[in-house]
>>> print(open('work.cif').read())   # mmCIF, C-alpha atoms
data_structure
#
loop_
_atom_site.label_atom_id
_atom_site.label_comp_id
_atom_site.auth_asym_id
_atom_site.auth_seq_id
_atom_site.Cartn_x
_atom_site.Cartn_y
_atom_site.Cartn_z
CA MET E 163 0.00 0.00 0.00
CA PHE E 164 1.45 3.32 -1.01
CA TRP E 165 -1.13 5.79 0.06
CA SER E 166 -3.74 6.31 2.67
CA LYS E 167 -5.78 9.39 3.50
CA SER E 168 -3.60 10.60 6.36
CA GLY E 169 -0.55 8.60 5.35
CA LEU E 170 2.75 9.54 3.78
CA VAL E 171 3.57 8.75 0.16
CA CYS E 172 6.87 7.21 -0.91
CA GLN E 173 8.11 10.46 -2.38
CA GLU E 174 7.69 12.12 1.02
CA MET E 175 9.25 9.17 2.81
CA VAL E 176 12.62 9.50 1.08
CA GLU E 177 12.83 13.10 2.30
CA LEU E 178 12.04 12.19 5.91
CA ILE E 179 14.47 9.31 6.30
CA THR E 180 17.32 11.24 7.90
CA ASP E 181 15.01 12.98 10.35
CA TYR E 182 13.67 9.53 11.19
CA LEU E 183 17.13 8.06 11.70
CA GLU E 184 18.14 11.11 13.74
CA ASP E 185 15.01 10.74 15.87
CA ALA E 186 14.01 14.25 14.89
CA LEU E 187 10.47 13.53 13.69
CA PRO E 188 7.54 14.65 15.83
CA ARG E 189 5.82 11.67 17.41
CA SER E 190 2.80 11.70 15.09
CA GLN E 191 4.98 11.96 12.00
CA ARG E 192 7.15 9.15 13.29
CA ARG E 193 4.09 6.93 13.68
CA ARG E 194 3.03 7.70 10.12
CA PHE E 195 6.54 6.99 8.89
CA GLU E 196 6.61 3.60 10.62
CA ALA E 197 3.10 2.76 9.42
CA HIS E 198 4.19 3.39 5.85
CA ILE E 199 7.37 1.33 6.23
CA ALA E 200 5.36 -1.56 7.65
CA GLY E 201 3.29 -1.70 4.46
CA CYS E 202 5.78 -0.73 1.74
CA GLU E 203 8.54 -3.06 0.65
CA HIS E 204 10.17 -0.45 -1.59
CA CYS E 205 10.52 2.11 1.18
CA THR E 206 11.72 -0.64 3.51
CA GLU E 207 14.38 -1.42 0.93
CA TYR E 208 15.23 2.26 0.57
CA LEU E 209 15.58 2.68 4.34
CA GLU E 210 17.84 -0.35 4.49
CA GLN E 211 19.94 1.04 1.65
CA MET E 212 20.41 4.28 3.54
CA ARG E 213 21.48 2.29 6.59
CA VAL E 214 23.96 0.27 4.52
CA THR E 215 25.24 3.45 2.87
CA ILE E 216 25.95 4.94 6.29
CA THR E 217 27.73 1.76 7.40
CA LEU E 218 29.84 1.51 4.25
CA THR E 219 30.79 5.19 4.47
CA GLY E 220 31.90 4.53 8.03
CA ARG E 221 34.27 1.86 6.77
CA LEU E 222 36.30 4.35 4.73
CA ARG E 223 39.55 4.67 6.54
CA ALA E 224 42.68 6.58 5.84
CA GLU E 225 45.98 4.96 6.49
CA ASP E 226 47.74 5.48 9.80
CA LEU E 227 50.47 7.99 10.31
CA THR E 228 53.58 7.02 8.41
CA PRO E 229 56.81 6.72 10.42
CA ALA E 230 58.06 9.86 8.67
CA MET E 231 55.02 11.77 9.81
CA ARG E 232 55.36 10.49 13.36
CA GLU E 233 58.86 11.87 13.31
CA GLU E 234 57.66 15.18 11.94
CA PHE E 235 55.14 15.57 14.74
CA THR E 236 57.66 14.49 17.34
CA ASP E 237 59.91 17.26 16.03
CA LEU E 238 57.06 19.72 16.17
CA TYR E 239 56.50 18.80 19.81
CA ARG E 240 60.18 19.20 20.66
CA ARG E 241 60.35 22.55 18.89
CA TRP E 242 57.43 23.73 20.95
CA ARG E 243 58.99 22.43 24.18
CA SER E 244 62.23 24.24 23.50
CA GLN E 245 60.38 27.46 22.67
CA SER E 246 58.12 27.34 25.67
CA GLY E 247 61.01 26.59 27.98
CA MET I 190 23.41 14.59 24.82
CA GLY I 191 23.74 13.12 21.33
CA LEU I 192 24.74 9.77 22.76
CA ILE I 193 21.89 9.69 25.22
CA ALA I 194 19.47 10.50 22.43
CA ALA I 195 20.98 7.74 20.32
CA ILE I 196 20.58 5.17 23.06
CA ALA I 197 17.03 6.26 23.74
CA VAL I 198 16.09 5.82 20.10
CA VAL I 199 13.97 2.81 19.35
CA GLY I 200 12.50 1.88 16.03
CA LEU I 201 13.12 -0.13 12.95
CA GLY I 202 16.12 0.09 10.75
CA LEU I 203 18.16 2.47 12.82
CA PRO I 204 21.84 2.58 11.96
CA ARG I 205 24.05 0.78 14.40
CA ARG I 206 25.72 3.35 16.55
CA ARG I 207 29.42 3.31 17.06
CA THR I 208 29.74 1.81 20.46
CA GLN I 209 33.41 2.69 20.62
CA ALA I 210 32.74 6.43 20.62
CA PRO I 211 32.66 6.90 24.42
CA VAL I 212 35.84 4.87 24.74
CA LEU I 213 37.52 7.08 22.15
CA LEU I 214 36.61 10.16 24.13
CA ASP I 215 37.88 8.66 27.40
CA GLU I 216 41.17 7.83 25.73
CA ASP I 217 41.40 11.40 24.48
CA ALA I 218 40.84 12.73 27.99
CA GLU I 219 43.56 10.47 29.33
CA LEU I 220 46.00 11.47 26.59
CA VAL I 221 45.25 15.16 27.15
CA ALA I 222 46.07 14.74 30.84
CA ARG I 223 49.35 13.07 29.93
CA LEU I 224 50.13 15.76 27.37
CA ARG I 225 49.62 18.40 30.04
CA ALA I 226 52.06 16.52 32.19
CA GLY I 227 54.60 16.95 29.39
CA GLU I 228 54.58 13.50 27.86
CA GLU I 229 55.77 13.55 24.25
CA GLN I 230 54.32 10.14 23.44
CA ALA I 231 50.86 11.31 24.46
CA PHE I 232 51.14 14.10 21.92
CA VAL I 233 52.10 11.75 19.10
CA ALA I 234 49.29 9.39 20.12
CA LEU I 235 46.75 12.23 19.94
CA VAL I 236 48.05 13.30 16.54
CA SER I 237 47.84 9.75 15.32
CA ARG I 238 44.23 9.35 16.45
CA HIS I 239 42.97 12.51 14.81
CA HIS I 240 45.27 13.08 11.87
CA ALA I 241 43.18 11.48 9.12
CA ALA I 242 39.98 13.27 10.13
CA MET I 243 41.84 16.57 10.31
CA VAL I 244 43.47 16.27 6.91
CA ARG I 245 40.14 15.31 5.36
CA LEU I 246 38.34 18.23 6.94
CA ALA I 247 41.09 20.73 6.16
CA GLY I 248 41.08 19.47 2.60
CA SER I 249 37.61 20.84 2.05
CA TYR I 250 38.85 24.37 2.81
CA VAL I 251 42.15 24.59 1.01
CA ALA I 252 43.44 23.98 -2.47
CA SER I 253 45.84 21.10 -1.97
CA GLN I 254 46.75 18.19 0.25
CA ALA I 255 50.05 19.89 1.06
CA ILE I 256 48.30 23.00 2.34
CA ALA I 257 45.83 20.83 4.26
CA GLU I 258 48.76 19.18 6.03
CA GLU I 259 50.27 22.56 6.85
CA VAL I 260 46.97 23.62 8.37
CA VAL I 261 46.95 20.43 10.45
CA GLN I 262 50.49 21.10 11.72
CA ASP I 263 49.57 24.67 12.49
CA THR I 264 46.51 23.43 14.37
CA TRP I 265 48.62 21.12 16.53
CA MET I 266 50.94 23.97 17.32
CA GLY I 267 47.86 25.90 18.44
CA VAL I 268 46.80 22.91 20.53
CA LEU I 269 50.17 22.78 22.28
CA ARG I 270 50.03 26.48 23.04
CA GLY I 271 46.43 26.36 24.19
CA ILE I 272 46.13 23.00 25.91
CA ASP I 273 46.37 24.47 29.38
CA GLY I 274 43.41 26.69 28.55
CA PHE I 275 41.29 23.80 27.29
CA ALA I 276 38.53 23.68 29.88
CA GLY I 277 36.96 20.42 28.82
CA ARG I 278 33.53 21.98 28.36
CA SER I 279 33.38 20.35 24.94
CA SER I 280 35.14 17.13 24.00
CA PHE I 281 38.81 17.44 23.04
CA ARG I 282 37.93 16.38 19.52
CA THR I 283 35.33 19.12 19.13
CA TRP I 284 37.77 21.70 20.49
CA LEU I 285 40.51 20.44 18.19
CA LEU I 286 38.36 20.48 15.06
CA ARG I 287 37.11 23.97 15.82
CA ILE I 288 40.68 25.21 15.98
CA LEU I 289 41.29 23.45 12.68
CA VAL I 290 38.27 25.03 11.01
CA ASN I 291 39.36 28.47 12.21
CA ARG I 292 42.89 28.01 10.91
CA ALA I 293 41.70 26.50 7.66
CA THR I 294 39.30 29.36 7.14
CA SER I 295 41.99 31.98 7.58
CA THR I 296 44.36 30.04 5.33
CA GLY I 297 41.87 28.75 2.83
CA VAL I 298 40.86 29.97 -0.55
CA ARG I 299 37.30 29.51 0.53
CA GLU I 300 35.48 32.24 2.41
CA ARG I 301 33.77 31.44 5.66
CA ARG I 302 30.75 29.79 4.20
CA SER I 303 27.21 31.01 4.16
CA ILE I 304 24.49 28.71 5.38
CA ALA I 305 23.73 27.67 1.79
CA VAL I 306 22.81 24.03 1.60
CA GLY I 307 24.55 23.68 -1.74
CA ASP I 308 21.86 22.16 -3.85
CA ALA I 309 18.12 21.93 -3.75
CA GLY I 310 15.33 19.82 -5.10
CA PRO I 311 14.28 16.28 -4.23
CA VAL I 312 16.93 13.74 -3.17
CA VAL I 313 15.38 11.09 -5.43
CA ASP I 314 14.53 12.08 -8.98
CA SER I 315 10.82 12.81 -9.20
CA SER I 316 10.56 10.77 -12.41
CA ARG I 317 10.88 7.66 -10.24
CA PHE I 318 7.49 8.29 -8.62
CA ASP I 319 4.02 8.27 -10.16
CA ALA I 320 1.51 11.08 -9.87
CA SER I 321 0.34 9.84 -6.45
CA GLY I 322 3.92 9.89 -5.13
CA ALA I 323 4.33 6.08 -5.08
CA TRP I 324 7.48 4.40 -6.39
CA MET I 325 7.32 3.73 -10.11
CA SER I 326 10.99 2.88 -10.46
CA PRO I 327 11.76 1.50 -6.99
CA PRO I 328 15.24 0.89 -5.60
CA GLN I 329 16.61 -2.46 -6.67
CA HIS I 330 17.25 -4.99 -4.00
CA TRP I 331 20.87 -5.18 -2.89
CA VAL I 332 20.96 -4.83 0.83
CA GLU I 333 20.99 -8.55 1.58
CA GLU I 334 24.56 -8.66 0.33
CA SER I 335 27.07 -8.54 3.11
CA GLU I 336 29.03 -5.36 3.71
CA ASP I 337 32.22 -7.23 2.99
CA ARG I 338 30.92 -8.43 -0.34
CA LEU I 339 29.78 -4.95 -1.24
CA LEU I 340 33.16 -3.51 -0.34
CA ALA I 341 34.94 -6.30 -2.18
CA GLN I 342 33.22 -5.08 -5.35
CA GLY I 343 35.29 -1.94 -5.13
CA LEU I 344 32.48 0.16 -3.75
CA SER I 345 34.86 2.02 -1.43
CA GLY I 346 36.14 3.81 -4.51
CA ASP I 347 32.61 4.68 -5.58
CA ILE I 348 31.78 6.05 -2.14
CA GLN I 349 35.02 8.00 -2.04
CA ALA I 350 34.36 9.50 -5.47
CA ALA I 351 30.77 10.35 -4.54
CA LEU I 352 31.96 11.98 -1.30
CA GLU I 353 34.42 14.12 -3.20
CA ALA I 354 31.70 15.16 -5.63
CA LEU I 355 29.38 16.37 -2.85
CA PRO I 356 28.88 20.09 -2.32
CA VAL I 357 31.43 21.06 0.28
CA ARG I 358 29.13 21.59 3.25
CA GLN I 359 27.42 18.25 2.71
CA ARG I 360 30.81 16.60 2.42
CA GLU I 361 32.00 18.09 5.70
CA VAL I 362 28.92 16.93 7.57
CA VAL I 363 29.01 13.41 6.10
CA LEU I 364 32.74 13.10 6.79
CA LEU I 365 32.42 14.21 10.38
CA ARG I 366 29.29 12.17 11.11
CA ASP I 367 29.69 8.99 9.12
CA VAL I 368 33.43 8.63 8.55
CA ASP I 369 34.77 10.15 11.76
CA GLY I 370 31.84 9.23 13.99
CA LEU I 371 31.07 12.60 15.58
CA SER I 372 27.61 13.13 17.05
CA GLY I 373 25.22 15.58 15.40
CA HIS I 374 25.73 17.90 18.33
CA GLU I 375 29.52 17.85 17.93
CA VAL I 376 29.22 18.57 14.20
CA CYS I 377 27.06 21.61 14.95
CA ASP I 378 29.73 22.86 17.35
CA VAL I 379 32.60 22.29 14.96
CA LEU I 380 30.95 23.83 11.92
CA GLU I 381 28.85 26.37 13.82
CA ILE I 382 25.60 25.38 12.16
CA SER I 383 22.16 24.70 13.60
CA GLU I 384 20.83 21.20 14.30
CA ALA I 385 18.26 21.65 11.54
CA ASN I 386 20.92 22.64 9.01
CA GLN I 387 23.10 19.77 10.07
CA ARG I 388 20.28 17.35 9.38
CA VAL I 389 19.48 18.85 5.98
CA LEU I 390 23.13 18.65 4.91
CA LEU I 391 23.47 15.13 6.24
CA HIS I 392 20.29 14.07 4.49
CA ARG I 393 21.33 15.44 1.12
CA GLY I 394 24.84 14.08 1.41
CA ARG I 395 23.81 10.58 2.46
CA SER I 396 21.10 10.48 -0.20
CA HIS I 397 23.69 11.32 -2.88
CA LEU I 398 25.92 8.53 -1.61
CA ARG I 399 23.07 6.02 -1.62
CA GLN I 400 22.29 6.98 -5.20
CA ALA I 401 25.94 6.56 -6.14
CA LEU I 402 25.92 3.04 -4.68
CA GLU I 403 22.72 2.19 -6.51
CA THR I 404 24.23 3.43 -9.77
CA ALA I 405 27.45 1.53 -9.15
CA LEU I 406 25.49 -1.64 -8.52
CA GLY I 407 23.68 -1.26 -11.81
CA GLY I 408 20.39 0.13 -10.51
CA ALA I 409 18.45 3.10 -11.75
#
>>> encode(input="work.cif", output="structure tokens")
Amino acid sequence: MFWSKSGLVCQEMVELITDYLEDALPRSQRRRFEAHIAGCEHCTEYLEQMRVTITLTGRLRAEDLTPAMREEFTDLYRRWRSQSG
Amino acid sequence: MGLIAAIAVVGLGLPRRRTQAPVLLDEDAELVARLRAGEEQAFVALVSRHHAAMVRLAGSYVASQAIAEEVVQDTWMGVLRGIDGFAGRSSFRTWLLRILVNRATSTGVRERRSIAVGDAGPVVDSSRFDASGAWMSPPQHWVEESEDRLLAQGLSGDIQAALEALPVRQREVVLLRDVDGLSGHEVCDVLEISEANQRVLLHRGRSHLRQALETALGGA
């Protein structure tokens, strides 16, 4: 079911997803959001895809400090120590 | 406050929160105490923990990686000079990133930004819905695949490219929230934006990334 008299339509759902995930929807809106999800496989899929997107983005990692950079920052610290007495 | 809100949240399909976040902050507090006591290793450990996030964030203000790294060094010098004045009212990380943003802004080619959201319009093309607003071209099913399998398909590169293509304010918010694991509240403090703006930027950014994944996986 995509539509009911007081319900949300899919096109509105995709705009509310972040507010839902951030728990920023008013209570009544949240209930309508969850009622729609319960009856709409496409929006359930979309919500899951957003969740997976967030998780995959969180797996992006830069490499650790290289030994050369560790040395550089150690030098920076020592320079500061010598300046600040 | 962000963490408490996150724990209190119940509902379906919520993202798994990073349970290590409080531990990270405790470790920061411990390292800061050791740094104040004059321990060099504590300084290097702090740098190591925050370096990647700092270079990424600085990179959205300045023209090159080399300048971003200079800004990061300059920020750490500021941290060393100011650490005794750090009152601990915000987390160390928030304090650190605010110093970084201030330095990057004064160094950067980019002006201190307006509140502009960067782009407008719906996050999913309206041609994918019918006149009643129901899906006509729904998202294809790919979420049952494991994260590892998805990443093994080289999707990290697609996410990275999509992140870099985001309008700069969206990129900053997504980086800080989803890559670096800051709370919404911390992001507002670092970037000096309202909670509502933070959510709009996060929403647009994440929606772009989801679309990029869908495209990469051969969907609409």
>>> closest_atom_pairs(input="work.cif", of="chain E", to="chain I", cutoff="7 Å", atoms="only C-alpha atoms", output="Markdown table")
| residue | atom | partner | partner_atom | distance |
| --- | --- | --- | --- | --- |
| E:Phe164 | CA | I:Ala323 | CA | 5.7 |
| E:Val171 | CA | I:Gly322 | CA | 5.4 |
| E:Cys172 | CA | I:Ala323 | CA | 5.0 |
| E:Gln173 | CA | I:Gly322 | CA | 5.0 |
| E:Glu177 | CA | I:Val312 | CA | 6.9 |
| E:Thr180 | CA | I:His392 | CA | 5.3 |
| E:Asp181 | CA | I:Arg388 | CA | 6.9 |
| E:Leu183 | CA | I:Leu203 | CA | 5.8 |
| E:Asp185 | CA | I:Val198 | CA | 6.6 |
| E:His204 | CA | I:Pro327 | CA | 6.0 |
| E:Glu207 | CA | I:His330 | CA | 6.7 |
| E:Tyr208 | CA | I:Pro328 | CA | 6.3 |
| E:Leu209 | CA | I:Gly202 | CA | 6.9 |
| E:Glu210 | CA | I:Gly202 | CA | 6.5 |
| E:Gln211 | CA | I:Val332 | CA | 6.0 |
| E:Met212 | CA | I:Arg399 | CA | 6.1 |
| E:Arg213 | CA | I:Pro204 | CA | 5.4 |
| E:Val214 | CA | I:Val332 | CA | 7.0 |
| E:Thr215 | CA | I:Arg399 | CA | 5.6 |
| E:Ile216 | CA | I:Asp367 | CA | 6.2 |
| E:Leu218 | CA | I:Glu336 | CA | 6.9 |
| E:Thr219 | CA | I:Val368 | CA | 6.0 |
| E:Gly220 | CA | I:Val368 | CA | 4.4 |
| E:Leu222 | CA | I:Val368 | CA | 6.4 |
| E:Ala224 | CA | I:Ala241 | CA | 5.9 |
| E:Asp226 | CA | I:Ser237 | CA | 7.0 |
| E:Leu227 | CA | I:Ser237 | CA | 5.9 |
| E:Arg232 | CA | I:Val233 | CA | 6.7 |
| E:Phe235 | CA | I:Val233 | CA | 6.5 |
| E:Thr236 | CA | I:Val233 | CA | 6.4 |
| E:Tyr239 | CA | I:Glu229 | CA | 6.9 |
>>> axis_aligned_box(input="work.cif", around="stretch 323-330 of chain I", padding_each_side="6 Å", output="JSON")
{"center_x": 10.8, "center_y": 0.5, "center_z": -7.2, "size_x": 24.9, "size_y": 23.1, "size_z": 18.5}
>>> atom_distance(input="work.cif", atom1="atom CA of I:Ala354", atom2="atom CA of I:Leu371")
21.4 Å
>>> residues_around(input="work.cif", residues="I:Arg292", least_positions_apart="6", cutoff="9 Å", atoms="only C-alpha atoms", output="PDB file with C-alpha atoms, in the coordinates of the input")
ATOM      1  CA  ALA I 247      41.090  20.730   6.160  1.00  0.00           C
ATOM      2  CA  VAL I 260      46.970  23.620   8.370  1.00  0.00           C
ATOM      3  CA  VAL I 261      46.950  20.430  10.450  1.00  0.00           C
ATOM      4  CA  ASP I 263      49.570  24.670  12.490  1.00  0.00           C
ATOM      5  CA  THR I 264      46.510  23.430  14.370  1.00  0.00           C
TER       6      THR I 264
END
>>> resolve_selection(input="work.cif", expression="the PyMOL selection byres ((chain I and resi 356) around 10)", output="ChimeraX atom specification")
/I:249,306-308,352-355,357-361,390,393-394
>>> atom_distance(input="work.cif", atom1="atom CA of I:Ala320", atom2="atom CA of E:Cys205")
16.8 Å
>>> resolve_selection(input="work.cif", expression="the PyMOL selection byres ((chain E and resi 195) around 10)", output="ChimeraX atom specification")
/E:169-172,174-175,178-179,182,187,189-194,196-200,205
>>> residues_near_point(input="work.cif", point="(44.4, 24.3, 2.2)", cutoff="10 Å", atoms="all atoms listed in the file", output="PyMOL selection string")
chain I and resi 244+246-261+292-299
>>> atom_distance(input="work.cif", atom1="atom CA of I:Asp378", atom2="atom CA of I:Arg287")
7.6 Å
>>> residues_near_point(input="work.cif", point="(34.8, 18.1, 24.5)", cutoff="12 Å", atoms="all atoms listed in the file", output="list in words")
Met190, Pro211, Leu213, Leu214, Asp215, Asp217, Ala218, Val221, Phe275, Ala276, Gly277, Arg278, Ser279, Ser280, Phe281, Arg282, Thr283, Trp284, Leu285, Leu286, Arg287, Leu371, Ser372, His374, Glu375, Val376, Asp378 and Val379 of chain I
